[in-house]
>>> print(open('upload_9.cif').read())   # mmCIF, N, CA and C atoms
data_coords
#
loop_
_atom_site.label_atom_id
_atom_site.label_comp_id
_atom_site.auth_asym_id
_atom_site.auth_seq_id
_atom_site.Cartn_x
_atom_site.Cartn_y
_atom_site.Cartn_z
N MET A 375 -48.22 172.43 74.52
CA MET A 375 -48.95 171.18 74.53
C MET A 375 -48.09 170.01 74.99
N ASN A 376 -46.79 170.24 75.18
CA ASN A 376 -45.92 169.14 75.57
C ASN A 376 -46.11 168.71 77.02
N ASP A 377 -46.94 169.41 77.76
CA ASP A 377 -47.23 169.04 79.15
C ASP A 377 -48.44 168.12 79.24
N TYR A 378 -48.91 167.61 78.10
CA TYR A 378 -50.14 166.84 78.08
C TYR A 378 -49.94 165.46 77.45
N VAL A 379 -50.70 164.50 77.94
CA VAL A 379 -50.75 163.15 77.37
C VAL A 379 -51.91 163.16 76.38
N PRO A 380 -51.62 162.96 75.08
CA PRO A 380 -52.68 163.09 74.07
C PRO A 380 -53.47 161.80 73.84
N PHE A 381 -54.76 161.96 73.64
CA PHE A 381 -55.65 160.89 73.22
C PHE A 381 -56.47 161.40 72.04
N HIS A 382 -56.90 160.48 71.20
CA HIS A 382 -57.76 160.84 70.08
C HIS A 382 -59.18 160.38 70.37
N PHE A 383 -60.14 160.98 69.69
CA PHE A 383 -61.54 160.65 69.90
C PHE A 383 -61.98 159.42 69.11
N HIS A 384 -61.13 158.96 68.20
CA HIS A 384 -61.51 157.82 67.36
C HIS A 384 -60.29 156.97 67.07
N TYR A 385 -60.52 155.72 66.79
CA TYR A 385 -59.40 154.79 66.61
C TYR A 385 -58.68 154.92 65.28
N LYS A 386 -59.31 155.36 64.24
CA LYS A 386 -58.59 155.51 62.96
C LYS A 386 -58.13 156.95 62.80
N MET A 387 -57.05 157.25 63.49
CA MET A 387 -56.55 158.62 63.48
C MET A 387 -55.59 158.84 62.30
N PRO A 388 -55.42 160.08 61.91
CA PRO A 388 -54.58 160.40 60.74
C PRO A 388 -53.15 159.87 60.82
N MET A 389 -52.52 159.87 61.99
CA MET A 389 -51.15 159.38 62.08
C MET A 389 -51.09 157.89 61.75
N LEU A 390 -52.09 157.13 62.16
CA LEU A 390 -52.12 155.71 61.82
C LEU A 390 -52.23 155.54 60.31
N HIS A 391 -52.97 156.40 59.65
CA HIS A 391 -53.08 156.33 58.19
C HIS A 391 -51.74 156.62 57.55
N LYS A 392 -51.01 157.59 58.09
CA LYS A 392 -49.68 157.90 57.55
C LYS A 392 -48.74 156.70 57.74
N ILE A 393 -48.84 156.04 58.87
CA ILE A 393 -48.03 154.84 59.10
C ILE A 393 -48.41 153.76 58.10
N PHE A 394 -49.71 153.57 57.88
CA PHE A 394 -50.22 152.59 56.91
C PHE A 394 -49.66 152.86 55.51
N LYS A 395 -49.55 154.13 55.16
CA LYS A 395 -49.05 154.53 53.83
C LYS A 395 -47.52 154.66 53.80
N HIS A 396 -46.85 154.31 54.90
CA HIS A 396 -45.38 154.40 55.00
C HIS A 396 -44.89 155.82 54.76
N GLN A 397 -45.58 156.79 55.37
CA GLN A 397 -45.25 158.20 55.20
C GLN A 397 -44.69 158.84 56.48
N VAL A 398 -44.31 158.01 57.45
CA VAL A 398 -43.72 158.53 58.68
C VAL A 398 -42.25 158.14 58.67
N GLU A 399 -41.42 159.11 58.39
CA GLU A 399 -39.98 158.89 58.18
C GLU A 399 -39.29 158.18 59.33
N ASP A 400 -39.59 158.57 60.54
CA ASP A 400 -38.87 158.05 61.71
C ASP A 400 -39.45 156.74 62.25
N TYR A 401 -40.51 156.24 61.64
CA TYR A 401 -41.13 155.00 62.11
C TYR A 401 -40.92 153.92 61.06
N LEU A 402 -40.21 152.86 61.43
CA LEU A 402 -39.88 151.80 60.48
C LEU A 402 -40.81 150.60 60.59
N GLY A 403 -41.69 150.59 61.57
CA GLY A 403 -42.60 149.46 61.78
C GLY A 403 -43.84 149.57 60.92
N THR A 404 -44.82 148.76 61.26
CA THR A 404 -46.10 148.77 60.55
C THR A 404 -47.20 149.18 61.52
N GLN A 405 -48.39 149.45 60.98
CA GLN A 405 -49.50 149.82 61.84
C GLN A 405 -49.91 148.64 62.74
N GLU A 406 -49.64 147.42 62.31
CA GLU A 406 -50.00 146.25 63.10
C GLU A 406 -49.28 146.22 64.45
N GLU A 407 -48.17 146.92 64.56
CA GLU A 407 -47.40 146.96 65.81
C GLU A 407 -47.90 148.04 66.77
N ILE A 408 -48.81 148.87 66.30
CA ILE A 408 -49.36 149.94 67.13
C ILE A 408 -50.45 149.35 68.02
N ILE A 409 -50.42 149.66 69.31
CA ILE A 409 -51.49 149.22 70.20
C ILE A 409 -52.25 150.45 70.69
N TYR A 410 -53.50 150.24 71.00
CA TYR A 410 -54.34 151.31 71.54
C TYR A 410 -54.48 151.12 73.05
N LEU A 411 -54.22 152.17 73.79
CA LEU A 411 -54.53 152.21 75.21
C LEU A 411 -55.86 152.93 75.31
N VAL A 412 -56.88 152.22 75.71
CA VAL A 412 -58.25 152.74 75.68
C VAL A 412 -58.63 153.28 77.06
N CYS A 413 -59.23 154.46 77.04
CA CYS A 413 -59.78 155.04 78.25
C CYS A 413 -61.05 155.79 77.87
N SER A 414 -61.73 156.31 78.84
CA SER A 414 -62.95 157.06 78.58
C SER A 414 -62.87 158.42 79.28
N ILE A 415 -63.63 159.34 78.77
CA ILE A 415 -63.70 160.65 79.41
C ILE A 415 -64.27 160.50 80.82
N GLU A 416 -65.21 159.59 80.97
CA GLU A 416 -65.80 159.34 82.29
C GLU A 416 -64.72 158.89 83.28
N LYS A 417 -63.84 158.01 82.85
CA LYS A 417 -62.77 157.52 83.72
C LYS A 417 -61.83 158.68 84.09
N VAL A 418 -61.50 159.50 83.11
CA VAL A 418 -60.62 160.65 83.35
C VAL A 418 -61.23 161.57 84.41
N THR A 419 -62.50 161.85 84.28
CA THR A 419 -63.15 162.75 85.25
C THR A 419 -63.28 162.08 86.62
N ASN A 420 -63.60 160.76 86.63
CA ASN A 420 -63.70 160.05 87.91
C ASN A 420 -62.38 160.01 88.66
N LEU A 421 -61.28 159.97 87.92
CA LEU A 421 -59.95 159.97 88.55
C LEU A 421 -59.51 161.38 88.95
N GLY A 422 -60.32 162.38 88.59
CA GLY A 422 -60.01 163.76 88.96
C GLY A 422 -58.84 164.35 88.20
N LEU A 423 -58.60 163.84 86.99
CA LEU A 423 -57.47 164.31 86.19
C LEU A 423 -57.82 165.63 85.50
N SER A 424 -56.84 166.48 85.40
CA SER A 424 -57.00 167.75 84.71
C SER A 424 -56.85 167.51 83.21
N TYR A 425 -57.72 168.12 82.40
CA TYR A 425 -57.70 167.87 80.96
C TYR A 425 -58.18 169.09 80.19
N ILE A 426 -57.87 169.09 78.91
CA ILE A 426 -58.48 169.98 77.94
C ILE A 426 -58.74 169.15 76.70
N PHE A 427 -59.58 169.64 75.81
CA PHE A 427 -59.73 169.00 74.52
C PHE A 427 -59.87 170.08 73.46
N THR A 428 -59.55 169.68 72.23
CA THR A 428 -59.53 170.64 71.13
C THR A 428 -60.46 170.19 70.02
N ASP A 429 -60.85 171.15 69.19
CA ASP A 429 -61.74 170.85 68.07
C ASP A 429 -60.99 170.48 66.79
N ARG A 430 -59.67 170.46 66.86
CA ARG A 430 -58.79 170.09 65.74
C ARG A 430 -57.40 169.83 66.33
N HIS A 431 -56.42 169.60 65.50
CA HIS A 431 -55.07 169.32 66.00
C HIS A 431 -54.66 170.40 66.99
N ALA A 432 -54.21 169.98 68.16
CA ALA A 432 -53.94 170.91 69.26
C ALA A 432 -52.84 171.92 68.98
N TYR A 433 -51.90 171.61 68.11
CA TYR A 433 -50.80 172.54 67.85
C TYR A 433 -51.19 173.71 66.96
N LEU A 434 -52.35 173.63 66.34
CA LEU A 434 -52.76 174.69 65.41
C LEU A 434 -53.26 175.91 66.16
N GLU A 435 -52.88 177.08 65.67
CA GLU A 435 -53.34 178.33 66.29
C GLU A 435 -54.86 178.47 66.21
N THR A 436 -55.47 177.84 65.22
CA THR A 436 -56.91 177.94 65.03
C THR A 436 -57.69 176.97 65.92
N ALA A 437 -57.00 176.12 66.67
CA ALA A 437 -57.68 175.15 67.53
C ALA A 437 -58.34 175.85 68.71
N ALA A 438 -59.60 175.50 68.92
CA ALA A 438 -60.31 175.97 70.11
C ALA A 438 -60.05 174.97 71.23
N HIS A 439 -59.82 175.48 72.43
CA HIS A 439 -59.52 174.63 73.59
C HIS A 439 -60.69 174.70 74.58
N TYR A 440 -61.06 173.53 75.10
CA TYR A 440 -62.18 173.44 76.03
C TYR A 440 -61.73 172.63 77.24
N ASN A 441 -62.37 172.89 78.38
CA ASN A 441 -62.04 172.11 79.58
C ASN A 441 -63.28 171.71 80.37
N HIS A 442 -64.42 171.68 79.69
CA HIS A 442 -65.64 171.24 80.35
C HIS A 442 -66.40 170.28 79.44
N ILE A 443 -66.85 169.19 80.01
CA ILE A 443 -67.54 168.15 79.25
C ILE A 443 -68.74 168.69 78.48
N SER A 444 -69.37 169.73 78.99
CA SER A 444 -70.54 170.29 78.29
C SER A 444 -70.17 170.87 76.93
N ASP A 445 -68.88 171.07 76.68
CA ASP A 445 -68.43 171.59 75.39
C ASP A 445 -68.13 170.50 74.36
N LEU A 446 -68.34 169.25 74.71
CA LEU A 446 -68.07 168.16 73.76
C LEU A 446 -68.90 168.28 72.49
N ASP A 447 -70.03 168.97 72.58
CA ASP A 447 -70.87 169.15 71.38
C ASP A 447 -70.20 170.04 70.34
N LYS A 448 -69.12 170.70 70.70
CA LYS A 448 -68.39 171.54 69.75
C LYS A 448 -67.40 170.72 68.90
N ILE A 449 -67.23 169.45 69.24
CA ILE A 449 -66.35 168.55 68.49
C ILE A 449 -67.18 167.91 67.36
N LYS A 450 -66.65 167.93 66.16
CA LYS A 450 -67.37 167.39 65.00
C LYS A 450 -67.16 165.87 64.92
N MET A 451 -67.87 165.17 65.81
CA MET A 451 -67.69 163.73 65.94
C MET A 451 -68.05 162.96 64.66
N GLU A 452 -69.03 163.43 63.91
CA GLU A 452 -69.41 162.73 62.67
C GLU A 452 -68.22 162.67 61.70
N LEU A 453 -67.49 163.76 61.59
CA LEU A 453 -66.31 163.78 60.73
C LEU A 453 -65.17 162.97 61.35
N ILE A 454 -64.95 163.15 62.64
CA ILE A 454 -63.86 162.46 63.32
C ILE A 454 -64.03 160.95 63.27
N THR A 455 -65.25 160.47 63.43
CA THR A 455 -65.49 159.02 63.48
C THR A 455 -65.73 158.39 62.12
N ASP A 456 -65.60 159.16 61.06
CA ASP A 456 -65.67 158.60 59.71
C ASP A 456 -64.42 157.76 59.52
N ASP A 457 -64.59 156.45 59.33
CA ASP A 457 -63.45 155.53 59.25
C ASP A 457 -62.56 155.76 58.04
N ARG A 458 -63.06 156.44 57.06
CA ARG A 458 -62.25 156.67 55.86
C ARG A 458 -61.27 157.80 56.09
N TRP A 459 -60.15 157.70 55.43
CA TRP A 459 -59.20 158.82 55.42
C TRP A 459 -58.94 159.12 53.96
N MET A 460 -59.70 160.04 53.44
CA MET A 460 -59.63 160.31 52.01
C MET A 460 -58.66 161.46 51.75
N GLU A 461 -57.79 161.25 50.78
CA GLU A 461 -56.84 162.30 50.41
C GLU A 461 -57.59 163.54 49.92
N ALA A 462 -58.82 163.37 49.50
CA ALA A 462 -59.60 164.49 48.98
C ALA A 462 -60.16 165.39 50.08
N TYR A 463 -60.01 164.99 51.35
CA TYR A 463 -60.50 165.84 52.43
C TYR A 463 -59.82 167.20 52.34
N SER A 464 -60.56 168.23 52.69
CA SER A 464 -59.97 169.56 52.74
C SER A 464 -58.95 169.61 53.87
N THR A 465 -58.08 170.60 53.82
CA THR A 465 -57.09 170.77 54.88
C THR A 465 -57.78 170.94 56.22
N GLU A 466 -58.86 171.71 56.24
CA GLU A 466 -59.58 171.92 57.50
C GLU A 466 -60.15 170.61 58.04
N ASN A 467 -60.74 169.79 57.20
CA ASN A 467 -61.29 168.53 57.67
C ASN A 467 -60.20 167.60 58.20
N LYS A 468 -59.04 167.62 57.57
CA LYS A 468 -57.91 166.82 58.08
C LYS A 468 -57.50 167.31 59.47
N GLU A 469 -57.52 168.62 59.66
CA GLU A 469 -57.18 169.18 60.97
C GLU A 469 -58.21 168.77 62.01
N ILE A 470 -59.49 168.82 61.63
CA ILE A 470 -60.59 168.47 62.55
C ILE A 470 -60.52 167.00 62.95
N LYS A 471 -60.17 166.12 62.01
CA LYS A 471 -60.05 164.69 62.32
C LYS A 471 -58.98 164.44 63.38
N GLN A 472 -58.11 165.41 63.59
CA GLN A 472 -57.02 165.27 64.55
C GLN A 472 -57.33 165.91 65.90
N ALA A 473 -58.60 166.17 66.17
CA ALA A 473 -58.98 166.73 67.47
C ALA A 473 -58.44 165.83 68.57
N GLU A 474 -58.06 166.45 69.69
CA GLU A 474 -57.40 165.70 70.75
C GLU A 474 -58.04 165.93 72.11
N PHE A 475 -57.94 164.91 72.93
CA PHE A 475 -58.29 165.00 74.34
C PHE A 475 -56.98 164.88 75.09
N LEU A 476 -56.63 165.89 75.86
CA LEU A 476 -55.29 166.00 76.45
C LEU A 476 -55.37 166.00 77.97
N VAL A 477 -54.72 165.02 78.57
CA VAL A 477 -54.67 164.92 80.03
C VAL A 477 -53.38 165.59 80.50
N HIS A 478 -53.52 166.48 81.47
CA HIS A 478 -52.38 167.28 81.91
C HIS A 478 -51.36 166.45 82.69
N ARG A 479 -50.12 166.55 82.26
CA ARG A 479 -48.91 166.01 82.89
C ARG A 479 -48.80 164.49 82.99
N HIS A 480 -49.81 163.81 83.50
CA HIS A 480 -49.65 162.39 83.83
C HIS A 480 -50.98 161.65 83.63
N PHE A 481 -50.88 160.49 83.01
CA PHE A 481 -52.05 159.62 82.90
C PHE A 481 -51.73 158.32 83.61
N PRO A 482 -52.41 158.03 84.71
CA PRO A 482 -52.06 156.84 85.50
C PRO A 482 -52.50 155.55 84.80
N VAL A 483 -51.76 154.49 85.04
CA VAL A 483 -52.09 153.19 84.47
C VAL A 483 -53.51 152.78 84.87
N LEU A 484 -53.96 153.19 86.04
CA LEU A 484 -55.32 152.87 86.50
C LEU A 484 -56.39 153.43 85.56
N GLY A 485 -56.03 154.39 84.73
CA GLY A 485 -56.98 154.96 83.79
C GLY A 485 -57.18 154.14 82.54
N ILE A 486 -56.29 153.19 82.29
CA ILE A 486 -56.41 152.35 81.09
C ILE A 486 -57.52 151.33 81.29
N GLU A 487 -58.51 151.38 80.42
CA GLU A 487 -59.65 150.47 80.53
C GLU A 487 -59.51 149.24 79.64
N GLY A 488 -58.60 149.29 78.71
CA GLY A 488 -58.38 148.15 77.83
C GLY A 488 -57.28 148.44 76.84
N ILE A 489 -56.85 147.38 76.16
CA ILE A 489 -55.84 147.49 75.11
C ILE A 489 -56.40 146.84 73.87
N VAL A 490 -56.30 147.53 72.74
CA VAL A 490 -56.75 146.98 71.47
C VAL A 490 -55.53 146.77 70.59
N VAL A 491 -55.49 145.60 69.94
CA VAL A 491 -54.37 145.25 69.07
C VAL A 491 -54.90 144.75 67.73
N HIS A 492 -54.01 144.66 66.76
CA HIS A 492 -54.38 144.25 65.40
C HIS A 492 -54.61 142.76 65.25
N ASN A 493 -53.78 141.93 65.91
CA ASN A 493 -53.86 140.49 65.65
C ASN A 493 -53.50 139.69 66.90
N GLU A 494 -53.70 138.37 66.79
CA GLU A 494 -53.46 137.47 67.93
C GLU A 494 -52.00 137.48 68.38
N GLY A 495 -51.06 137.59 67.44
CA GLY A 495 -49.64 137.62 67.82
C GLY A 495 -49.32 138.78 68.73
N ILE A 496 -49.81 139.96 68.38
CA ILE A 496 -49.58 141.15 69.21
C ILE A 496 -50.36 141.01 70.53
N ALA A 497 -51.54 140.40 70.47
CA ALA A 497 -52.33 140.18 71.69
C ALA A 497 -51.57 139.30 72.67
N GLN A 498 -50.90 138.27 72.17
CA GLN A 498 -50.12 137.39 73.04
C GLN A 498 -48.97 138.14 73.71
N ILE A 499 -48.30 139.00 72.95
CA ILE A 499 -47.20 139.79 73.51
C ILE A 499 -47.73 140.71 74.61
N ALA A 500 -48.83 141.42 74.32
CA ALA A 500 -49.41 142.34 75.30
C ALA A 500 -49.90 141.58 76.54
N SER A 501 -50.55 140.44 76.32
CA SER A 501 -51.06 139.65 77.44
C SER A 501 -49.93 139.12 78.31
N GLN A 502 -48.83 138.72 77.69
CA GLN A 502 -47.67 138.23 78.45
C GLN A 502 -47.08 139.36 79.30
N PHE A 503 -46.99 140.54 78.72
CA PHE A 503 -46.49 141.69 79.48
C PHE A 503 -47.40 141.94 80.68
N LEU A 504 -48.71 141.91 80.45
CA LEU A 504 -49.66 142.17 81.54
C LEU A 504 -49.63 141.06 82.59
N ALA A 505 -49.40 139.82 82.16
CA ALA A 505 -49.34 138.69 83.10
C ALA A 505 -48.18 138.86 84.07
N ASN A 506 -47.13 139.53 83.64
CA ASN A 506 -45.96 139.76 84.49
C ASN A 506 -46.11 140.99 85.36
N SER A 507 -47.30 141.57 85.35
CA SER A 507 -47.55 142.76 86.17
C SER A 507 -48.78 142.49 87.05
N ALA A 508 -49.09 143.45 87.85
CA ALA A 508 -50.28 143.33 88.69
C ALA A 508 -51.49 143.97 88.03
N LEU A 509 -51.36 144.32 86.75
CA LEU A 509 -52.43 145.03 86.05
C LEU A 509 -53.50 144.08 85.55
N ASP A 510 -54.76 144.47 85.72
CA ASP A 510 -55.88 143.68 85.23
C ASP A 510 -56.52 144.46 84.08
N ILE A 511 -55.89 144.39 82.91
CA ILE A 511 -56.34 145.12 81.74
C ILE A 511 -56.63 144.12 80.63
N ARG A 512 -57.80 144.20 80.05
CA ARG A 512 -58.22 143.28 79.00
C ARG A 512 -57.58 143.66 77.66
N VAL A 513 -57.12 142.66 76.91
CA VAL A 513 -56.55 142.85 75.58
C VAL A 513 -57.55 142.29 74.57
N VAL A 514 -57.89 143.10 73.56
CA VAL A 514 -58.88 142.71 72.56
C VAL A 514 -58.28 142.88 71.17
N VAL A 515 -58.54 141.91 70.29
CA VAL A 515 -58.09 141.97 68.91
C VAL A 515 -59.20 142.63 68.09
N ARG A 516 -58.86 143.73 67.40
CA ARG A 516 -59.82 144.47 66.56
C ARG A 516 -59.13 144.93 65.28
N PRO A 517 -58.99 144.05 64.27
CA PRO A 517 -58.33 144.47 63.03
C PRO A 517 -59.06 145.62 62.32
N ASN A 518 -60.36 145.78 62.59
CA ASN A 518 -61.11 146.88 61.96
C ASN A 518 -60.71 148.24 62.51
N PHE A 519 -59.92 148.29 63.58
CA PHE A 519 -59.41 149.55 64.10
C PHE A 519 -58.23 150.06 63.25
N TYR A 520 -57.81 149.27 62.29
CA TYR A 520 -56.64 149.58 61.48
C TYR A 520 -57.04 149.72 60.01
N PHE A 521 -56.19 150.35 59.23
CA PHE A 521 -56.46 150.53 57.80
C PHE A 521 -56.10 149.27 57.03
N SER A 522 -56.84 149.03 55.96
CA SER A 522 -56.54 147.86 55.12
C SER A 522 -56.48 148.25 53.65
#
>>> encode(input="upload_9.cif", output="structure tokens")
Amino acid sequence: MNDYVPFHFHYKMPMLHKIFKHQVEDYLGTQEEIIYLVCSIEKVTNLGLSYIFTDRHAYLETAAHYNHISDLDKIKMELITDDRWMEAYSTENKEIKQAEFLVHRHFPVLGIEGIVVHNEGIAQIASQFLANSALDIRVVVRPNFYFS
């Protein structure tokens, strides 16, 4: 799976919850410093990018792998898009919430449709970075994309 650029199907992914709970040993920052690079499956297909997606965390042997949009109905979106991250979830449900959309080898900057950030301060930093480039990418503040 190391040959793929990973994306999640929903903004409140399990790793962000671990960061929120200060349970990621190698990460000393906060979730507020995390930015979302937003893209769509439609954009990926329009760019002709090679991809696969999984019904749970891609590293698991039990993960099913798909490479056709018609198989998206096999992803348990109701569970994945549940904004809560409850410790009471079964191990399987935690695995399912980590389903991934994986673009093979390279994801071009042209595929980024927007950037979501936690607050205005981070938005200013991202906007300044973009102002110094030729990129026309919108930055949006969405604190509800983060845990509170």
>>> closest_atom_pairs(input="upload_9.cif", of="stretch 390-485 of chain A", to="stretch 494-507 of chain A", cutoff="9 Å", atoms="only C-alpha atoms", output="tab-separated table")
residue	atom	partner	partner_atom	distance
A:Glu406	CA	A:Ile496	CA	8.0
A:Glu407	CA	A:Ile496	CA	7.1
A:Ile409	CA	A:Ile496	CA	8.4
>>> axis_aligned_box(input="upload_9.cif", around="stretch 402-416 of chain A", padding_each_side="8 Å", output="AutoDock Vina command-line options")
--center_x -52.8 --center_y 153.4 --center_z 71.9 --size_x 41.9 --size_y 30.4 --size_z 38.8
>>> resolve_selection(input="upload_9.cif", expression="the PyMOL selection byres ((chain A and resi 470) around 8)", output="PyMOL selection string")
chain A and resi 428-431+450+453-454+464-469+471-474
>>> write_last_selection(input="upload_9.cif", atoms="N, CA and C atoms", output="PDB file, in the frame of the given file")
ATOM      1  N   THR A 428     -59.550 169.680  72.230  1.00  0.00           N
ATOM      2  CA  THR A 428     -59.530 170.640  71.130  1.00  0.00           C
ATOM      3  C   THR A 428     -60.460 170.190  70.020  1.00  0.00           C
ATOM      4  N   ASP A 429     -60.850 171.150  69.190  1.00  0.00           N
ATOM      5  CA  ASP A 429     -61.740 170.850  68.070  1.00  0.00           C
ATOM      6  C   ASP A 429     -60.990 170.480  66.790  1.00  0.00           C
ATOM      7  N   ARG A 430     -59.670 170.460  66.860  1.00  0.00           N
ATOM      8  CA  ARG A 430     -58.790 170.090  65.740  1.00  0.00           C
ATOM      9  C   ARG A 430     -57.400 169.830  66.330  1.00  0.00           C
ATOM     10  N   HIS A 431     -56.420 169.600  65.500  1.00  0.00           N
ATOM     11  CA  HIS A 431     -55.070 169.320  66.000  1.00  0.00           C
ATOM     12  C   HIS A 431     -54.660 170.400  66.990  1.00  0.00           C
ATOM     13  N   LYS A 450     -66.650 167.930  66.160  1.00  0.00           N
ATOM     14  CA  LYS A 450     -67.370 167.390  65.000  1.00  0.00           C
ATOM     15  C   LYS A 450     -67.160 165.870  64.920  1.00  0.00           C
ATOM     16  N   LEU A 453     -67.490 163.760  61.590  1.00  0.00           N
ATOM     17  CA  LEU A 453     -66.310 163.780  60.730  1.00  0.00           C
ATOM     18  C   LEU A 453     -65.170 162.970  61.350  1.00  0.00           C
ATOM     19  N   ILE A 454     -64.950 163.150  62.640  1.00  0.00           N
ATOM     20  CA  ILE A 454     -63.860 162.460  63.320  1.00  0.00           C
ATOM     21  C   ILE A 454     -64.030 160.950  63.270  1.00  0.00           C
ATOM     22  N   SER A 464     -60.560 168.230  52.690  1.00  0.00           N
ATOM     23  CA  SER A 464     -59.970 169.560  52.740  1.00  0.00           C
ATOM     24  C   SER A 464     -58.950 169.610  53.870  1.00  0.00           C
ATOM     25  N   THR A 465     -58.080 170.600  53.820  1.00  0.00           N
ATOM     26  CA  THR A 465     -57.090 170.770  54.880  1.00  0.00           C
ATOM     27  C   THR A 465     -57.780 170.940  56.220  1.00  0.00           C
ATOM     28  N   GLU A 466     -58.860 171.710  56.240  1.00  0.00           N
ATOM     29  CA  GLU A 466     -59.580 171.920  57.500  1.00  0.00           C
ATOM     30  C   GLU A 466     -60.150 170.610  58.040  1.00  0.00           C
ATOM     31  N   ASN A 467     -60.740 169.790  57.200  1.00  0.00           N
ATOM     32  CA  ASN A 467     -61.290 168.530  57.670  1.00  0.00           C
ATOM     33  C   ASN A 467     -60.200 167.600  58.200  1.00  0.00           C
ATOM     34  N   LYS A 468     -59.040 167.620  57.570  1.00  0.00           N
ATOM     35  CA  LYS A 468     -57.910 166.820  58.080  1.00  0.00           C
ATOM     36  C   LYS A 468     -57.500 167.310  59.470  1.00  0.00           C
ATOM     37  N   GLU A 469     -57.520 168.620  59.660  1.00  0.00           N
ATOM     38  CA  GLU A 469     -57.180 169.180  60.970  1.00  0.00           C
ATOM     39  C   GLU A 469     -58.210 168.770  62.010  1.00  0.00           C
ATOM     40  N   LYS A 471     -60.170 166.120  62.010  1.00  0.00           N
ATOM     41  CA  LYS A 471     -60.050 164.690  62.320  1.00  0.00           C
ATOM     42  C   LYS A 471     -58.980 164.440  63.380  1.00  0.00           C
ATOM     43  N   GLN A 472     -58.110 165.410  63.590  1.00  0.00           N
ATOM     44  CA  GLN A 472     -57.020 165.270  64.550  1.00  0.00           C
ATOM     45  C   GLN A 472     -57.330 165.910  65.900  1.00  0.00           C
ATOM     46  N   ALA A 473     -58.600 166.170  66.170  1.00  0.00           N
ATOM     47  CA  ALA A 473     -58.980 166.730  67.470  1.00  0.00           C
ATOM     48  C   ALA A 473     -58.440 165.830  68.570  1.00  0.00           C
ATOM     49  N   GLU A 474     -58.060 166.450  69.690  1.00  0.00           N
ATOM     50  CA  GLU A 474     -57.400 165.700  70.750  1.00  0.00           C
ATOM     51  C   GLU A 474     -58.040 165.930  72.110  1.00  0.00           C
TER      52      GLU A 474
END
>>> closest_residue(input="upload_9.cif", among="A:Asp456, A:Leu390, A:Tyr433, A:Ile426", to="A:Val477", atoms="all atoms listed in the file")
A:Ile426
>>> residues_around(input="upload_9.cif", residues="A:Ile486", least_positions_apart="2", cutoff="9 Å", atoms="only C-alpha atoms", output="list of chain:residue names")
A:Leu411, A:Val412, A:Cys413, A:Ser414, A:Lys417, A:Phe481, A:Pro482, A:Val483, A:Leu484, A:Gly488, A:Ile489, A:Ile511
>>> write_last_selection(input="upload_9.cif", atoms="N, CA and C atoms", output="tab-separated table (two decimals), in the frame of the given file")
chain	number	residue	atom	x	y	z
A	411	LEU	N	-54.22	152.17	73.79
A	411	LEU	CA	-54.53	152.21	75.21
A	411	LEU	C	-55.86	152.93	75.31
A	412	VAL	N	-56.88	152.22	75.71
A	412	VAL	CA	-58.25	152.74	75.68
A	412	VAL	C	-58.63	153.28	77.06
A	413	CYS	N	-59.23	154.46	77.04
A	413	CYS	CA	-59.78	155.04	78.25
A	413	CYS	C	-61.05	155.79	77.87
A	414	SER	N	-61.73	156.31	78.84
A	414	SER	CA	-62.95	157.06	78.58
A	414	SER	C	-62.87	158.42	79.28
A	417	LYS	N	-63.84	158.01	82.85
A	417	LYS	CA	-62.77	157.52	83.72
A	417	LYS	C	-61.83	158.68	84.09
A	481	PHE	N	-50.88	160.49	83.01
A	481	PHE	CA	-52.05	159.62	82.90
A	481	PHE	C	-51.73	158.32	83.61
A	482	PRO	N	-52.41	158.03	84.71
A	482	PRO	CA	-52.06	156.84	85.50
A	482	PRO	C	-52.50	155.55	84.80
A	483	VAL	N	-51.76	154.49	85.04
A	483	VAL	CA	-52.09	153.19	84.47
A	483	VAL	C	-53.51	152.78	84.87
A	484	LEU	N	-53.96	153.19	86.04
A	484	LEU	CA	-55.32	152.87	86.50
A	484	LEU	C	-56.39	153.43	85.56
A	488	GLY	N	-58.60	149.29	78.71
A	488	GLY	CA	-58.38	148.15	77.83
A	488	GLY	C	-57.28	148.44	76.84
A	489	ILE	N	-56.85	147.38	76.16
A	489	ILE	CA	-55.84	147.49	75.11
A	489	ILE	C	-56.40	146.84	73.87
A	511	ILE	N	-55.89	144.39	82.91
A	511	ILE	CA	-56.34	145.12	81.74
A	511	ILE	C	-56.63	144.12	80.63
>>> resolve_selection(input="upload_9.cif", expression="the PyMOL selection byres ((chain A and resi 423) around 8)", output="PyMOL selection string")
chain A and resi 417-422+424-426+476-478+480-481
>>> closest_residue(input="upload_9.cif", among="A:Tyr410, A:Ile449, A:Val490, A:Tyr385", to="A:Phe521", atoms="only N, CA and C atoms")
A:Tyr385
>>> select_by_dssp(input="upload_9.cif", residues="chain A", states="helix (DSSP H, G or I)", output="MDAnalysis selection string")
chainID A and resid 388:394 405:407 415:420 443:448 451:454 465:470 483:485 494:505 517:519
>>> atom_distance(input="upload_9.cif", atom1="atom N of A:Val379", atom2="atom N of A:Ile393")
20.9 Å
>>> select_by_dssp(input="upload_9.cif", residues="stretch 380-521 of chain A", states="strand (DSSP E)", output="list in words")
Pro380, Phe381, His382, Tyr410, Leu411, Val412, Tyr425, Ile426, Phe427, Thr428, His439, Tyr440, Glu474, Phe475, Leu476, Val477, His478, Gly488, Ile489, Val490, Val491, Val513, Val514 and Val515 of chain A
>>> resolve_selection(input="upload_9.cif", expression="the PyMOL selection byres ((chain A and resi 382) around 6)", output="MDAnalysis selection string")
chainID A and resid 380:381 383:384 473:475
>>> closest_residue(input="upload_9.cif", among="A:Leu402, A:Ile408, A:Ala438, A:Ile415", to="A:Met387", atoms="only C-alpha atoms")
A:Ile408
>>> atom_distance(input="upload_9.cif", atom1="atom C of A:Asn493", atom2="atom C of A:Val514")
7.2 Å
>>> closest_residue(input="upload_9.cif", among="A:Tyr378, A:Asp447, A:Val398, A:Gln405", to="A:His492", atoms="only N, CA and C atoms")
A:Gln405
>>> atom_distance(input="upload_9.cif", atom1="atom N of A:Val491", atom2="atom CA of A:His396")
20.1 Å
